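Enquirer: My structure is below; once you've seen it, I'll send some questions.
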Amino acid sequence: MTLVYMKTVLDKAYKNGYAVGAFNVINMEFLEAIITAARKSASPVILNIAEVHLPFVTLDNIVPAIKAVAGRERFDIVLNLDHGLTIPTIEKAISLGFTSIMFDGSHLDFDENIRQTREVVKLCRPWNITVEAELGAVGGAEGGELIGKADPAKYTDINQAKQFVNETGIDALAVAIGNSHGKYKGEPDLDFDRLKAIRDVTGIPLVLHGGSGISAADFKRAISLGIAKINFFTGMSEAAMKATADYMITAGQRYNDYPMMMNRVREQVARVVSEQMDIFGSCGKAAADLTETKPV
Ligand code: 13P
Ligand code: ZN
């Protein structure tokens, strides 16, 4: 198979009441762990590469590896630029064959966010590439402090959401409803009434960023109210660091200590991803309609 457009998997998830996990790839170990989990669960999967992670992962090297994986596997794999911030990076992702772009204009005022998001839609449309954009601002700073907090003043405005979707022509909307990147300070407190209202006025698949730390019950409720994509990174990162720390206790005895440690990382990241796929309800939903795939 080839990489699949994100719109294809999200529309299917939205209609059928489950969500597809979008997991950040920061190296080969994470890529292989995510793919192993998706294969085991027969689940569609979205591979996120975030612009803030570009100092850690080389696009020109990882994208051919992702295409090779997609060519072999029998489940839907989407390649999404996560939190695209600049036009050169977005253009680079398009030229490399990403099947989805998330433009993050959350730092812009409303009119400017509309204007720049429209530009991104214009760049992506000729290639049929899916566009996700953010309105309001998800808490925490991707790439900043580990513990974040959502600011209610920056939650997605319901009326603006309707206008934003109409005027930009985006395929999916990332909402700010109390969700936050990194670890939550206290329990997450999601504004489900707002989510339902946004779903009712927009009618397009909604995206929940800041997935790590949200309970299974909250995920299920959010999915029932229009969330079709869930972004998840910190939980994988923590599992990888714990696997490393645990291994280091007895390290220093074996020739292959380092590769063995990285295998533990892969196992633990795959475990976390599998658990999330189970909660999101995407297991067993792998099959792509081959007519909707894009040659890369
Ligand atoms: P977490 O790191 O909080 O899971 O959020 C991931 C995310 O939203 C990536 O865009
Ligand atoms: Zn995010």
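By order of appearance in the structure tokens: chains A, B, ..., then residues from 1 within every chain, and ligands from 1 in the order shown.
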Taking only C-alpha atoms and all ligand atoms into account, which residues have an atom no farther than 7 Å from ligand 1? I'd like them as a VMD selection string.
Expert: chain A and resid 24 50 82 to 83 180 to 183 209 to 212 231 to 235
Enquirer: Take the selection from the previous step and output its residues with C-alpha atoms, as a PDB file, in the first residue's frame.
Expert:
ATOM      1  CA  ASN A  24       4.897  11.598  16.821  1.00  0.00           C
ATOM      2  CA  ALA A  50       6.265  18.036  14.246  1.00  0.00           C
ATOM      3  CA  ASP A  82       2.334  18.266  12.972  1.00  0.00           C
ATOM      4  CA  HIS A  83       2.130  21.925  14.042  1.00  0.00           C
ATOM      5  CA  SER A 180      -2.853  20.759  26.905  1.00  0.00           C
ATOM      6  CA  HIS A 181       0.489  19.543  25.546  1.00  0.00           C
ATOM      7  CA  GLY A 182       2.832  17.669  27.863  1.00  0.00           C
ATOM      8  CA  LYS A 183       1.813  16.593  31.369  1.00  0.00           C
ATOM      9  CA  HIS A 209      -4.153  17.588  20.791  1.00  0.00           C
ATOM     10  CA  GLY A 210      -2.438  16.967  24.114  1.00  0.00           C
ATOM     11  CA  GLY A 211      -3.698  13.384  24.358  1.00  0.00           C
ATOM     12  CA  SER A 212      -1.232  12.208  27.016  1.00  0.00           C
ATOM     13  CA  ASN A 231      -2.491  13.513  19.063  1.00  0.00           C
ATOM     14  CA  PHE A 232      -0.241  11.676  21.460  1.00  0.00           C
ATOM     15  CA  PHE A 233       3.451  12.080  22.233  1.00  0.00           C
ATOM     16  CA  THR A 234       4.414  12.714  25.874  1.00  0.00           C
ATOM     17  CA  GLY A 235       3.202   9.273  27.022  1.00  0.00           C
TER      18      GLY A 235
END
Enquirer: Show me, as a ChimeraX atom specification, the residues that have an atom within 10 Å of region 136-153 of chain A when counting only C-alpha atoms, minus same-chain residues fewer than 5 positions from it.
Expert: /A:50-53,83,104-110,113,160-161,174-186,188-191,208-210,233-234
Enquirer: With only C-alpha atoms and all ligand atoms as the basis for distance, which of A:Ile230, A:Ile101, A:Met1, A:Val265 is at the shortest distance from ligand 2?
Expert: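 Closest to ligand 2, using only C-alpha atoms and all ligand atoms: A:Ile230.
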Enquirer: When DSSP is applied to the backbone of this structure, which of region 120-165 of chain A are assigned alpha helix (DSSP H)? Write them out as a PyMOL selection string.
Expert: chain A and resi 120-124+158-165
Enquirer: Mind checking which residues fall within 8 Å of Lys220 (chain A), counting only C-alpha atoms, ignoring those fewer than 4 positions away in the same chain, and posting them as a PDB file with C-alpha atoms, in the first residue's frame?
Expert:
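Here's the written file part16.pdb:
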ATOM      1  CA  ALA A 216     -10.100   6.525  28.757  1.00  0.00           C
ATOM      2  CA  SER A 224     -18.748  10.553  20.860  1.00  0.00           C
ATOM      3  CA  ILE A 279      -9.061   3.147  23.886  1.00  0.00           C
ATOM      4  CA  PHE A 280      -9.563   5.169  20.688  1.00  0.00           C
TER       5      PHE A 280
END
Enquirer: Kindly assemble as a Markdown table a list of the region 6-45 of chain A residues that lie within 12 Å of region 253-263 of chain A, each paired with its nearest atom pair and their distance in Å to one decimal, using only C-alpha atoms, sorted first by chain and then by ascending residue number.
Expert:
| residue | atom | partner | partner_atom | distance |
| --- | --- | --- | --- | --- |
| A:Asn27 | CA | A:Met262 | CA | 11.2 |
| A:Met28 | CA | A:Met262 | CA | 10.2 |
| A:Glu29 | CA | A:Met262 | CA | 7.2 |
| A:Phe30 | CA | A:Met262 | CA | 10.0 |
| A:Glu32 | CA | A:Asn263 | CA | 10.2 |
| A:Ala33 | CA | A:Asn263 | CA | 9.4 |
Enquirer: Mind giving me the straight-line distance from CA of Asp60 (chain A) to CA of Leu173 (chain A) in Å, one decimal?
Expert: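 Between these atoms lies a distance of 28.0 Å.
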Enquirer: Do you have the CA of Leu79 (chain A)-CA of Gly213 (chain A) distance handy?
Expert: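 The value is 23.9 Å.
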Enquirer: Considering only C-alpha atoms and all ligand atoms, state which residue in the set A:Asp111, A:Glu73, A:Asp11, A:Glu132 is at the smallest distance from ligand 2.
Expert: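 Smallest separation from ligand 2 among the options: A:Glu132.
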Enquirer: Please return as a VMD selection string: the residues of region 10-107 of chain A that backbone DSSP assigns to strand (DSSP E or B).
Expert: chain A and resid 20 to 24 45 to 50 77 to 84 100 to 103
Enquirer: At what distance in Å, to one decimal, does CA of Pro44 (chain A) lie from CA of Leu10 (chain A)?
Expert: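 Here the two named atoms are 9.9 Å from each other.
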Enquirer: Can you list, as JSON, numbers by chain, every protein, DNA or RNA residue that comes within 10 Å of Ala243 (chain A) when you count only C-alpha atoms, leaving out same-chain residues fewer than 3 positions away?
Expert: {"A": [237, 238, 239, 240, 246, 247, 248, 261, 262, 263, 264, 265, 266, 267, 268, 269]}
